[in-house]
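J.: Got structure-v7.csv for you, CSV, C-alpha atoms and all ligand atoms:
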chain,number,residue,atom,x,y,z
A,1,MET,CA,27.0,-4.4,4.9
A,2,ARG,CA,24.4,-7.0,6.1
A,3,SER,CA,20.8,-6.5,5.1
A,4,VAL,CA,17.7,-8.5,5.8
A,5,ILE,CA,14.1,-8.0,4.5
A,6,CYS,CA,11.3,-9.4,6.6
A,7,HIS,CA,7.8,-9.9,5.3
A,8,PHE,CA,4.3,-10.8,6.3
A,9,SER,CA,2.0,-11.8,3.4
A,10,GLY,CA,-1.4,-13.5,2.8
A,11,ALA,CA,-2.1,-13.9,-0.9
A,12,GLY,CA,1.6,-13.2,-1.7
A,13,ASN,CA,1.8,-9.5,-2.8
A,14,SER,CA,4.1,-8.4,0.0
A,15,LYS,CA,6.2,-11.5,-0.2
A,16,THR,CA,6.7,-11.0,-3.9
A,17,VAL,CA,7.6,-7.3,-3.4
A,18,ALA,CA,10.0,-8.3,-0.6
A,19,HIS,CA,11.8,-10.7,-3.0
A,20,ASP,CA,11.8,-8.1,-5.8
A,21,LEU,CA,13.3,-5.4,-3.5
A,22,SER,CA,15.9,-7.9,-2.4
A,23,THR,CA,16.9,-8.5,-6.1
A,24,ILE,CA,17.2,-4.8,-6.7
A,25,ILE,CA,19.1,-3.9,-3.5
A,26,GLY,CA,21.0,-7.2,-3.2
A,27,SER,CA,20.0,-8.0,0.4
A,28,ASP,CA,21.5,-11.0,2.2
A,29,ALA,CA,18.2,-12.6,3.3
A,30,VAL,CA,14.4,-12.4,2.8
A,31,LEU,CA,12.6,-14.0,5.7
A,32,PRO,CA,8.9,-14.3,6.8
A,33,ILE,CA,8.3,-12.8,10.2
A,34,GLY,CA,6.9,-16.1,11.4
A,35,ALA,CA,10.4,-17.7,11.0
A,36,LEU,CA,12.1,-14.7,12.8
A,37,ARG,CA,9.7,-15.0,15.7
A,38,ALA,CA,10.9,-18.6,16.1
A,39,ASP,CA,14.6,-17.7,15.6
A,40,PRO,CA,15.4,-14.0,15.7
A,41,SER,CA,19.2,-14.6,15.3
A,42,PRO,CA,19.3,-13.5,11.6
A,43,LEU,CA,18.5,-10.0,12.9
A,44,GLU,CA,21.7,-9.7,14.9
A,45,GLY,CA,24.2,-7.2,13.4
A,46,VAL,CA,21.9,-6.3,10.6
A,47,GLU,CA,22.7,-2.8,9.2
A,48,THR,CA,19.9,-2.4,6.7
A,49,LEU,CA,16.5,-3.8,7.8
A,50,GLY,CA,13.4,-3.9,5.7
A,51,LEU,CA,9.8,-4.6,6.7
A,52,VAL,CA,7.3,-5.4,3.9
A,53,PHE,CA,3.7,-6.1,4.8
A,54,PRO,CA,0.1,-5.4,3.7
A,55,VAL,CA,-2.5,-3.0,5.0
A,56,TYR,CA,-5.5,-4.9,6.5
A,57,PHE,CA,-8.5,-3.0,7.7
A,58,PHE,CA,-6.7,0.4,7.5
A,59,GLY,CA,-3.8,-0.8,9.7
A,60,PRO,CA,-0.9,-3.3,9.8
A,61,PRO,CA,-1.7,-7.0,10.4
A,62,GLY,CA,-1.8,-7.9,14.1
A,63,ALA,CA,1.2,-10.2,13.5
A,64,ILE,CA,3.3,-7.1,12.6
A,65,LYS,CA,2.3,-5.5,15.9
A,66,ARG,CA,3.6,-8.6,17.7
A,67,PHE,CA,6.7,-8.7,15.6
A,68,ILE,CA,7.6,-5.1,16.3
A,69,LEU,CA,6.7,-5.0,20.0
A,70,GLU,CA,8.2,-8.4,20.9
A,71,THR,CA,10.6,-9.9,18.4
A,72,LEU,CA,12.2,-6.7,17.1
A,73,ARG,CA,12.3,-5.0,20.5
A,74,GLU,CA,14.0,-8.0,22.2
A,75,SER,CA,16.3,-8.7,19.2
A,76,GLN,CA,19.9,-7.5,18.9
A,77,ALA,CA,19.0,-5.6,15.7
A,78,ARG,CA,20.3,-2.0,15.6
A,79,PRO,CA,20.0,-1.1,11.9
A,80,SER,CA,21.4,2.2,10.7
A,81,TYR,CA,18.8,2.1,7.9
A,82,LEU,CA,15.3,0.8,8.5
A,83,PHE,CA,12.8,0.8,5.6
A,84,VAL,CA,9.1,0.0,5.6
A,85,VAL,CA,7.0,-0.8,2.5
A,86,LEU,CA,3.2,-1.2,3.0
A,87,THR,CA,1.4,-2.9,0.2
A,88,HIS,CA,-2.3,-1.9,-0.1
A,89,GLY,CA,-5.4,-1.9,-2.3
A,90,GLY,CA,-5.8,1.9,-2.5
A,91,MET,CA,-6.6,3.0,1.1
A,92,PRO,CA,-3.6,2.7,3.4
A,93,LEU,CA,-4.9,5.6,5.6
A,94,TYR,CA,-3.5,5.2,9.1
A,95,ALA,CA,-1.4,2.1,8.5
A,96,PRO,CA,1.9,4.1,8.1
A,97,SER,CA,1.1,6.2,11.2
A,98,ILE,CA,0.3,3.2,13.3
A,99,THR,CA,3.5,1.4,12.2
A,100,ASP,CA,5.5,4.6,13.0
A,101,ARG,CA,4.0,4.6,16.6
A,102,LEU,CA,4.7,0.8,17.0
A,103,LEU,CA,8.3,1.3,15.9
A,104,ALA,CA,8.8,4.2,18.3
A,105,GLU,CA,7.3,2.2,21.2
A,106,SER,CA,10.1,-0.4,20.5
A,107,GLY,CA,12.8,2.2,20.2
A,108,PHE,CA,13.1,2.2,16.4
A,109,ALA,CA,12.6,5.0,13.8
A,110,ALA,CA,12.2,4.2,10.1
A,111,SER,CA,14.4,6.0,7.6
A,112,TYR,CA,12.1,5.3,4.7
A,113,VAL,CA,8.4,4.5,4.6
A,114,GLN,CA,6.4,4.1,1.4
A,115,THR,CA,3.0,2.7,0.4
A,116,LEU,CA,2.6,0.6,-2.7
A,117,SER,CA,-0.7,0.1,-4.5
A,118,MET,CA,-1.3,-3.5,-5.5
A,119,VAL,CA,-4.1,-5.8,-6.6
A,120,ASP,CA,-6.7,-5.7,-3.8
A,121,THR,CA,-7.1,-9.2,-2.4
A,122,TYR,CA,-10.0,-8.3,-0.1
A,123,ILE,CA,-12.6,-10.2,-2.1
A,124,PRO,CA,-15.6,-9.8,0.4
A,125,LEU,CA,-15.8,-6.3,-1.2
A,126,PHE,CA,-13.7,-6.3,-4.4
A,127,ALA,CA,-13.4,-8.5,-7.5
A,128,ILE,CA,-10.0,-9.4,-8.9
A,129,PRO,CA,-9.7,-7.6,-12.3
A,130,GLY,CA,-9.6,-9.5,-15.6
A,131,GLU,CA,-6.5,-10.5,-17.4
A,132,ASN,CA,-5.9,-7.3,-19.5
A,133,GLN,CA,-6.5,-5.1,-16.5
A,134,LEU,CA,-4.2,-7.3,-14.4
A,135,ALA,CA,-1.4,-7.1,-17.0
A,136,ALA,CA,-1.6,-3.2,-16.9
A,137,ARG,CA,-1.7,-3.2,-13.1
A,138,HIS,CA,1.3,-5.6,-12.9
A,139,GLU,CA,3.2,-3.2,-15.2
A,140,ARG,CA,2.5,-0.2,-12.9
A,141,ILE,CA,3.5,-2.3,-9.8
A,142,SER,CA,6.7,-3.3,-11.6
A,143,LYS,CA,7.7,0.3,-12.2
A,144,ARG,CA,6.9,1.4,-8.7
A,145,VAL,CA,8.8,-1.5,-7.1
A,146,GLN,CA,11.8,-0.6,-9.3
A,147,GLU,CA,11.5,3.1,-8.1
A,148,ILE,CA,11.2,2.1,-4.5
A,149,GLY,CA,14.1,-0.4,-4.8
A,150,GLU,CA,16.4,2.2,-6.3
A,151,GLU,CA,15.5,4.8,-3.6
A,152,ILE,CA,16.2,2.2,-0.9
A,153,ALA,CA,19.5,1.2,-2.6
A,154,ARG,CA,20.5,4.9,-2.4
A,155,GLN,CA,19.4,4.8,1.3
A,156,GLU,CA,17.2,7.8,0.7
A,157,MET,CA,15.4,9.3,3.7
A,158,LYS,CA,11.7,9.5,3.2
A,159,VAL,CA,9.2,9.2,6.0
A,160,ALA,CA,5.5,9.5,6.1
A,161,THR,CA,4.0,12.3,8.2
A,162,ARG,CA,2.0,11.0,11.1
A,163,LEU,CA,-1.7,11.8,10.4
A,164,PRO,CA,-3.7,13.8,12.9
A,165,MET,CA,-5.6,11.7,15.5
A,166,ALA,CA,-3.1,8.9,15.1
A,167,ARG,CA,-3.2,8.1,18.8
A,168,LEU,CA,-7.0,7.7,18.7
A,169,ILE,CA,-7.1,5.6,15.5
A,170,HIS,CA,-4.2,3.5,16.8
A,171,SER,CA,-6.2,2.6,19.9
A,172,LEU,CA,-9.3,1.8,17.9
A,173,TRP,CA,-7.2,-0.5,15.6
A,174,ASP,CA,-5.6,-2.1,18.6
A,175,GLY,CA,-9.0,-2.9,20.1
A,176,SER,CA,-10.2,-4.5,16.9
A,177,LEU,CA,-7.4,-7.1,16.6
A,178,ASP,CA,-8.7,-9.7,19.0
A,179,ALA,CA,-12.1,-10.0,17.3
A,180,ARG,CA,-10.4,-10.7,14.0
A,181,ALA,CA,-8.9,-14.0,15.3
A,182,SER,CA,-12.1,-16.0,15.4
A,183,ARG,CA,-13.4,-14.7,12.1
A,184,ASP,CA,-12.0,-17.9,10.4
A,185,ARG,CA,-15.4,-19.3,11.3
A,186,LYS,CA,-16.7,-17.7,8.2
A,187,PHE,CA,-14.7,-20.1,6.0
A,188,ARG,CA,-16.5,-23.2,4.6
A,189,VAL,CA,-14.5,-26.0,3.0
A,190,THR,CA,-16.4,-27.7,0.2
A,191,ALA,CA,-16.3,-31.3,-1.0
A,192,ASP,CA,-13.8,-30.2,-3.8
A,193,CYS,CA,-11.1,-30.2,-1.1
A,194,THR,CA,-8.4,-32.9,-2.1
A,195,GLY,CA,-6.6,-32.6,1.2
A,196,CYS,CA,-3.4,-31.3,-0.5
A,197,GLY,CA,-2.5,-29.2,2.6
A,198,ILE,CA,-1.5,-26.1,0.6
A,199,CYS,CA,-3.8,-23.9,2.7
A,200,ALA,CA,-2.0,-25.0,5.9
A,201,LYS,CA,1.4,-24.4,4.4
A,202,THR,CA,0.4,-21.0,3.1
A,203,CYS,CA,-1.1,-19.7,6.4
A,204,PRO,CA,1.5,-17.1,7.6
A,205,VAL,CA,0.4,-17.6,11.3
A,206,GLY,CA,0.1,-21.4,11.4
A,207,ASN,CA,-3.7,-21.2,12.0
A,208,ILE,CA,-4.5,-24.2,9.9
A,209,THR,CA,-3.7,-27.9,10.7
A,210,MET,CA,-4.6,-30.8,8.5
A,211,GLU,CA,-6.8,-33.4,10.3
A,212,LYS,CA,-8.1,-36.4,8.4
A,213,ASN,CA,-7.1,-34.7,5.2
A,214,ARG,CA,-9.2,-31.6,5.9
A,215,PRO,CA,-8.1,-28.2,7.0
A,216,GLN,CA,-9.0,-27.2,10.6
A,217,TYR,CA,-9.0,-23.6,11.6
A,218,HIS,CA,-7.9,-22.6,15.1
A,219,GLN,CA,-9.2,-19.1,15.7
A,220,ALA,CA,-5.9,-17.3,15.5
A,221,CYS,CA,-6.6,-15.9,12.1
A,222,GLU,CA,-5.3,-12.6,10.6
A,223,GLN,CA,-8.0,-12.6,7.9
A,224,CYS,CA,-5.3,-12.4,5.2
A,225,LEU,CA,-7.2,-14.7,2.9
A,226,GLY,CA,-4.0,-16.5,1.9
A,227,CYS,CA,-5.6,-19.9,2.3
A,228,TYR,CA,-8.6,-18.8,0.2
A,229,HIS,CA,-6.6,-17.4,-2.7
A,230,HIS,CA,-4.0,-20.3,-2.8
A,231,CYS,CA,-6.4,-23.2,-2.7
A,232,PRO,CA,-5.9,-24.9,-6.1
A,233,GLU,CA,-9.4,-26.3,-6.0
A,234,HIS,CA,-11.1,-23.1,-4.9
A,235,ALA,CA,-12.6,-25.2,-2.1
A,236,ILE,CA,-12.5,-22.5,0.5
A,237,ARG,CA,-15.7,-20.4,0.5
A,238,LEU,CA,-17.0,-17.7,2.7
A,239,GLN,CA,-20.2,-18.0,4.8
A,240,LYS,CA,-21.5,-14.8,3.1
A,241,ARG,CA,-21.1,-14.7,-0.7
A,242,PRO,CA,-18.6,-11.8,-1.6
A,243,LEU,CA,-20.3,-8.6,-2.8
A,244,ARG,CA,-19.0,-9.0,-6.4
A,245,GLY,CA,-18.9,-12.8,-6.5
A,246,TYR,CA,-16.0,-15.2,-6.1
A,247,SER,CA,-12.6,-14.4,-7.7
A,248,TRP,CA,-9.1,-15.5,-6.8
A,249,TYR,CA,-5.6,-14.0,-7.1
A,250,VAL,CA,-2.1,-15.2,-6.7
A,251,PRO,CA,0.6,-12.8,-7.8
A,252,PRO,CA,3.3,-13.7,-10.4
A,253,LYS,CA,6.6,-15.0,-9.0
A,254,SER,CA,8.1,-11.5,-9.6
A,255,PHE,CA,6.6,-8.2,-10.6
A,256,ILE,CA,9.9,-6.8,-11.9
A,257,THR,CA,11.1,-7.8,-15.4
A,258,LYS,CA,14.6,-9.0,-16.0
A,259,GLU,CA,15.2,-6.0,-18.3
A,260,ARG,CA,14.4,-3.5,-15.5
A,261,VAL,CA,16.8,-5.1,-13.1
A,262,HIS,CA,19.4,-5.2,-15.8
A,263,GLU,CA,18.8,-1.5,-16.7
A,264,SER,CA,19.3,-0.5,-13.1
A,265,SER,CA,22.4,-2.6,-12.5
A,301,LIG,C1,-8.4,-8.7,5.1
A,301,LIG,C2,-7.9,-7.6,4.2
A,301,LIG,C3,-8.1,-6.3,4.5
A,301,LIG,C4,-7.7,-5.3,3.7
A,301,LIG,N1,-7.8,-4.0,4.1
A,301,LIG,C5,-7.3,-3.0,3.3
A,301,LIG,C6,-7.4,-1.7,3.7
A,301,LIG,O1,-7.9,-1.3,4.7
A,301,LIG,N2,-6.8,-0.7,2.9
A,301,LIG,C7,-6.2,-1.0,1.7
A,301,LIG,O2,-5.8,-0.2,1.0
A,301,LIG,N3,-6.1,-2.3,1.3
A,301,LIG,C8,-6.6,-3.3,2.1
A,301,LIG,N4,-6.5,-4.6,1.7
A,301,LIG,C9,-5.8,-5.0,0.4
A,301,LIG,C10,-4.4,-5.4,0.7
A,301,LIG,O3,-3.7,-4.5,1.5
A,301,LIG,C11,-3.5,-5.6,-0.5
A,301,LIG,O4,-4.2,-6.5,-1.5
A,301,LIG,C12,-2.2,-6.2,-0.1
A,301,LIG,O5,-1.2,-6.0,-1.2
A,301,LIG,C13,-2.3,-7.7,0.2
A,301,LIG,O6,-1.0,-8.2,0.5
A,301,LIG,P1,-0.6,-9.7,0.8
A,301,LIG,O7,-0.9,-10.5,-0.5
A,301,LIG,O8,0.9,-9.7,1.0
A,301,LIG,O9,-1.4,-10.1,2.0
A,301,LIG,C14,-7.0,-5.7,2.5
A,301,LIG,C15,-6.8,-7.0,2.1
A,301,LIG,C16,-7.3,-8.0,3.0
A,301,LIG,C17,-7.1,-9.4,2.6
A,302,LIG,S1,-5.7,-26.0,-0.2
A,302,LIG,FE1,-7.8,-26.4,-0.8
A,302,LIG,S2,-7.8,-28.5,-1.6
A,302,LIG,FE2,-5.9,-28.2,-0.5
A,302,LIG,S3,-6.3,-28.9,1.6
A,302,LIG,FE3,-6.7,-26.7,1.6
A,302,LIG,S4,-8.9,-26.5,1.2
A,302,LIG,FE4,-8.3,-28.6,0.6
A,303,LIG,S1,-6.4,-19.0,8.3
A,303,LIG,FE1,-6.6,-16.8,8.4
A,303,LIG,S2,-4.4,-16.2,8.7
A,303,LIG,FE2,-4.4,-18.3,7.9
A,303,LIG,S3,-4.2,-18.1,5.7
A,303,LIG,FE3,-6.4,-18.3,6.2
A,303,LIG,S4,-7.1,-16.2,6.4
A,303,LIG,FE4,-4.9,-16.1,6.5
Rewrite the structure of this file - the entire thing - as C-alpha cells.
T.:
Amino acid sequence: MRSVICHFSGAGNSKTVAHDLSTIIGSDAVLPIGALRADPSPLEGVETLGLVFPVYFFGPPGAIKRFILETLRESQARPSYLFVVLTHGGMPLYAPSITDRLLAESGFAASYVQTLSMVDTYIPLFAIPGENQLAARHERISKRVQEIGEEIARQEMKVATRLPMARLIHSLWDGSLDARASRDRKFRVTADCTGCGICAKTCPVGNITMEKNRPQYHQACEQCLGCYHHCPEHAIRLQKRPLRGYSWYVPPKSFITKERVHESS
C-alpha cells in the first residue's frame, strides 16, 4: 500500500513530526508541499496520504490553502485514508475546521485529524523555554507523536468536529492571508550575516534569494519565522523587539526515541 506524507514547516516542528510519523507507520515518502507543487506525480496512486503542517494565526498557512485547492484538487490522488496533523503552540482554534472546509472544497474528506502541541515558535509574543523545560516538553511531544503514529498505523477514524461559525472565521482568515505576504519587511539583517544562504534554503516558499551575499526578501512571506530561527549567526532581527526578548529554536532531528519505535514495532 503506497503512502506519502506531505509537510509544510517553518522552524521545523512539522517537518520533524512528519518524518517521525513516517518512521512509525513506514511510509514510502515524506515530501515538502513546495516540491509537490512543482511535481505532483508522487501523489498518483497513493492510498494513505498524510498532511502535517503548523497553525499560524489560528488557521493553516496560506501555502496549505494553495496546496489543497490547487495541487491536491488537480492531482490524481484518491487516498482511501487521509490523515491531517496540525502542530501548534496551544491555540489551534479554528485551524482544523478551516482545513476541513478546504479539503471538502477540493472533494476530499479526512479520516483522521489531530492537533499536536509543540514548542511555540512565535517569538514576537513568546519566549523559547530554557533547556530543562525544553527536555520535558520534548518528552511529552515524543509520547504524543508515538500515540498519533500508532493510531494512524491502525488507520483509526478520528475527525475533529467543525466549530460553530466556521464559515465566518474561514472568510476572515482567508481575507487576512494577502496582508501577511509583505510582512517580511519587518525583518532586519544585521552585520553579523556571513552570507551562508541557510535562510534562503530554509524558506519553505522560496521567498528569499541571495544577492551579493545578503538575503533579499520578496514579499511572498508566510511569516513562518523559519529564516529567523535557522540563521546560525542570529543575524535576522525584527523591526519591533519581541515582547519577551529574542530567543531561537530549532527542533531536534527526531522527537521520538529509538526505544519507543522499537517498543511499538
Ligand atoms: C507566525 C506564527 C503564528 C502562529 N500562530 C499560532 C496560533 O495561532 N495558534 C497556535 O496554537 N500556535 C501558533 N503558532 C505556533 C506554531 O503553530 C507552532 O510552533 C508550530 O509547531 C510551528 O511549526 P513549524 O516549525 O513546522 O512551522 C504560530 C507560530 C508562528 C511562527
Ligand atoms: S542564514 Fe543568517 S548568516 Fe546565513 S545568509 Fe541568512 S541571514 Fe546571513
Ligand atoms: S521569508 Fe517568510 S516564509 Fe520565508 S522563511 Fe522567512 S518567515 Fe518563513
J.: Report as a VMD selection string which protein, DNA and RNA residues come within 12 Å of ligand LIG 302 (chain A), using all atoms listed in the file.
T.: chain A and resid 187 to 203 208 to 217 225 to 237
J.: For those residues, write C-alpha atoms to a file as a tab-separated table (two decimals), keeping the file's coordinate frame.
T.:
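Saved the output as again08.tsv:
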chain	number	residue	atom	x	y	z
A	187	PHE	CA	-14.70	-20.10	6.00
A	188	ARG	CA	-16.50	-23.20	4.60
A	189	VAL	CA	-14.50	-26.00	3.00
A	190	THR	CA	-16.40	-27.70	0.20
A	191	ALA	CA	-16.30	-31.30	-1.00
A	192	ASP	CA	-13.80	-30.20	-3.80
A	193	CYS	CA	-11.10	-30.20	-1.10
A	194	THR	CA	-8.40	-32.90	-2.10
A	195	GLY	CA	-6.60	-32.60	1.20
A	196	CYS	CA	-3.40	-31.30	-0.50
A	197	GLY	CA	-2.50	-29.20	2.60
A	198	ILE	CA	-1.50	-26.10	0.60
A	199	CYS	CA	-3.80	-23.90	2.70
A	200	ALA	CA	-2.00	-25.00	5.90
A	201	LYS	CA	1.40	-24.40	4.40
A	202	THR	CA	0.40	-21.00	3.10
A	203	CYS	CA	-1.10	-19.70	6.40
A	208	ILE	CA	-4.50	-24.20	9.90
A	209	THR	CA	-3.70	-27.90	10.70
A	210	MET	CA	-4.60	-30.80	8.50
A	211	GLU	CA	-6.80	-33.40	10.30
A	212	LYS	CA	-8.10	-36.40	8.40
A	213	ASN	CA	-7.10	-34.70	5.20
A	214	ARG	CA	-9.20	-31.60	5.90
A	215	PRO	CA	-8.10	-28.20	7.00
A	216	GLN	CA	-9.00	-27.20	10.60
A	217	TYR	CA	-9.00	-23.60	11.60
A	225	LEU	CA	-7.20	-14.70	2.90
A	226	GLY	CA	-4.00	-16.50	1.90
A	227	CYS	CA	-5.60	-19.90	2.30
A	228	TYR	CA	-8.60	-18.80	0.20
A	229	HIS	CA	-6.60	-17.40	-2.70
A	230	HIS	CA	-4.00	-20.30	-2.80
A	231	CYS	CA	-6.40	-23.20	-2.70
A	232	PRO	CA	-5.90	-24.90	-6.10
A	233	GLU	CA	-9.40	-26.30	-6.00
A	234	HIS	CA	-11.10	-23.10	-4.90
A	235	ALA	CA	-12.60	-25.20	-2.10
A	236	ILE	CA	-12.50	-22.50	0.50
A	237	ARG	CA	-15.70	-20.40	0.50
J.: Using only C-alpha atoms and all ligand atoms, what are the residues with an atom within 6 Å of ligand LIG 301 (chain A), set out as a ChimeraX atom specification?
T.: /A:9-15,53-58,87-92,118-122,223-225
J.: As JSON, numbers by chain, please: the residues near Lys240 in chain A (cut-off 12 Å, all atoms listed in the file, same-chain neighbours under 6 positions excluded).
T.: {"A": [123, 124, 125, 185, 186, 187, 188, 246]}
J.: Which of these residues is nearest to ligand LIG 303 (chain A), using only C-alpha atoms and all ligand atoms: A:Pro61, A:Gly107, A:Pro164, A:Pro252?
T.: A:Pro61
J.: Let me make sure I understand: among A:Val84, A:Val17, A:Ala63, A:Ala153, which one has the smallest atom-to-atom distance to ligand LIG 303 (chain A) if we use only C-alpha atoms and all ligand atoms?
T.: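 Of A:Val84, A:Val17, A:Ala63, A:Ala153, the one nearest ligand LIG 303 (chain A) is A:Ala63, counting only C-alpha atoms and all ligand atoms.
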J.: Would you work out the distance separating CA of Lys158 in chain A from CA of Pro204 in chain A, expressed in Å to one decimal?
T.: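 Going from CA of Lys158 in chain A over to CA of Pro204 in chain A covers 28.8 Å.
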J.: Which residues are near Ile128 in chain A? Cut-off 7 Å, only C-alpha atoms, ignore same chain within fewer than 2 positions. Put them as a ChimeraX atom specification.
T.: /A:126,130,247-249
J.: Any chance you could export the current selection's C-alpha atoms as a compact mmCIF listing (two decimals), in the coordinates of the input?
T.:
# COMPACT_ATOMS: atom_id res chain seq x y z
CA PHE A 126 -13.70 -6.30 -4.40
CA GLY A 130 -9.60 -9.50 -15.60
CA SER A 247 -12.60 -14.40 -7.70
CA TRP A 248 -9.10 -15.50 -6.80
CA TYR A 249 -5.60 -14.00 -7.10
J.: So the first atom is CA of Leu36 in chain A and the second is CA of Gly206 in chain A; what is the distance between them in Å, to one decimal place?
T.: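 Computing it gives 13.8 Å between the two atoms.
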J.: Just to confirm, what's the straight-line distance from CA of Glu74 in chain A to CA of Asp39 in chain A in Å (one decimal)?
T.: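 So the two atoms, CA of Glu74 in chain A and CA of Asp39 in chain A, lie 11.7 Å apart.
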J.: Do you know which residues are at most 10 Å from Leu103 in chain A counting all atoms listed in the file, after dropping those on the same chain fewer than 3 positions away, and could you put them as a list of chain:residue names?
T.: A:Lys65, A:Ile68, A:Leu69, A:Leu72, A:Arg73, A:Ser97, A:Ile98, A:Thr99, A:Asp100, A:Ser106, A:Gly107, A:Phe108, A:Ala109, A:Ala110
J.: Emit as JSON the padded axis-aligned box for all listed atoms of range 244-260 of chain A, 4 Å per side, with centre and edge lengths in Å to one decimal.
T.:
{"center_x": -1.9, "center_y": -9.5, "center_z": -12.2, "size_x": 42.2, "size_y": 20.0, "size_z": 20.2}
J.: With distances taken over all atoms listed in the file, which of A:Ser80, A:Phe8, A:Lys143, A:Leu243 is nearest to ligand LIG 303 (chain A)?
T.: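 For ligand LIG 303 (chain A), the nearest of the given residues is A:Phe8.
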J.: My list of candidates is A:Ser3, A:Gln239, A:Trp173, A:Glu222. Which is closest to ligand LIG 303 (chain A) when distances are computed with all atoms listed in the file?
T.: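 Among the listed residues, A:Glu222 lies closest to ligand LIG 303 (chain A).
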J.: With only C-alpha atoms and all ligand atoms as the atoms that count, which of A:Ser22, A:Ser117, A:Ser27, A:Ser182 lies nearest to ligand LIG 303 (chain A)?
T.: A:Ser182
J.: Ranking A:Gly50, A:Gly45, A:Gly62, A:Pro32 by minimum distance to ligand LIG 303 (chain A) and counting only C-alpha atoms and all ligand atoms, which one comes first?
T.: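 For ligand LIG 303 (chain A), the nearest of the candidates is A:Gly62.
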J.: Excluding same-chain residues fewer than 3 positions from Pro42 in chain A, what lies within 12 Å of it counting all atoms listed in the file, as a short mmCIF file (atom, residue, chain, number, x, y, z; two decimals) with C-alpha atoms, in the coordinates of the input?
T.:
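After the write, out_29.cif holds the following:
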data_model
loop_
_atom_site.label_atom_id
_atom_site.label_comp_id
_atom_site.auth_asym_id
_atom_site.auth_seq_id
_atom_site.Cartn_x
_atom_site.Cartn_y
_atom_site.Cartn_z
CA ARG A 2 24.40 -7.00 6.10
CA SER A 3 20.80 -6.50 5.10
CA VAL A 4 17.70 -8.50 5.80
CA ILE A 5 14.10 -8.00 4.50
CA CYS A 6 11.30 -9.40 6.60
CA ASP A 28 21.50 -11.00 2.20
CA ALA A 29 18.20 -12.60 3.30
CA VAL A 30 14.40 -12.40 2.80
CA LEU A 31 12.60 -14.00 5.70
CA PRO A 32 8.90 -14.30 6.80
CA ILE A 33 8.30 -12.80 10.20
CA ALA A 35 10.40 -17.70 11.00
CA LEU A 36 12.10 -14.70 12.80
CA ARG A 37 9.70 -15.00 15.70
CA ALA A 38 10.90 -18.60 16.10
CA ASP A 39 14.60 -17.70 15.60
CA GLY A 45 24.20 -7.20 13.40
CA VAL A 46 21.90 -6.30 10.60
CA GLU A 47 22.70 -2.80 9.20
CA LEU A 49 16.50 -3.80 7.80
CA THR A 71 10.60 -9.90 18.40
CA LEU A 72 12.20 -6.70 17.10
CA SER A 75 16.30 -8.70 19.20
CA GLN A 76 19.90 -7.50 18.90
CA ALA A 77 19.00 -5.60 15.70
#
J.: Find the residues near Ile256 in chain A: any atom within 10 Å, counting all atoms listed in the file, skip ones fewer than 5 places away on the same chain, and give them as a list in words.
T.: Thr16, Val17, His19, Asp20, Leu21, Thr23, Ile24, His138, Glu139, Arg140, Ile141, Ser142, Lys143, Arg144, Val145, Gln146 and Val261 of chain A
J.: For the residues in the current selection, export C-alpha atoms as a short mmCIF file (atom, residue, chain, number, x, y, z; two decimals), keeping the file's coordinate frame.
T.:
data_model
loop_
_atom_site.label_atom_id
_atom_site.label_comp_id
_atom_site.auth_asym_id
_atom_site.auth_seq_id
_atom_site.Cartn_x
_atom_site.Cartn_y
_atom_site.Cartn_z
CA THR A 16 6.70 -11.00 -3.90
CA VAL A 17 7.60 -7.30 -3.40
CA HIS A 19 11.80 -10.70 -3.00
CA ASP A 20 11.80 -8.10 -5.80
CA LEU A 21 13.30 -5.40 -3.50
CA THR A 23 16.90 -8.50 -6.10
CA ILE A 24 17.20 -4.80 -6.70
CA HIS A 138 1.30 -5.60 -12.90
CA GLU A 139 3.20 -3.20 -15.20
CA ARG A 140 2.50 -0.20 -12.90
CA ILE A 141 3.50 -2.30 -9.80
CA SER A 142 6.70 -3.30 -11.60
CA LYS A 143 7.70 0.30 -12.20
CA ARG A 144 6.90 1.40 -8.70
CA VAL A 145 8.80 -1.50 -7.10
CA GLN A 146 11.80 -0.60 -9.30
CA VAL A 261 16.80 -5.10 -13.10
#
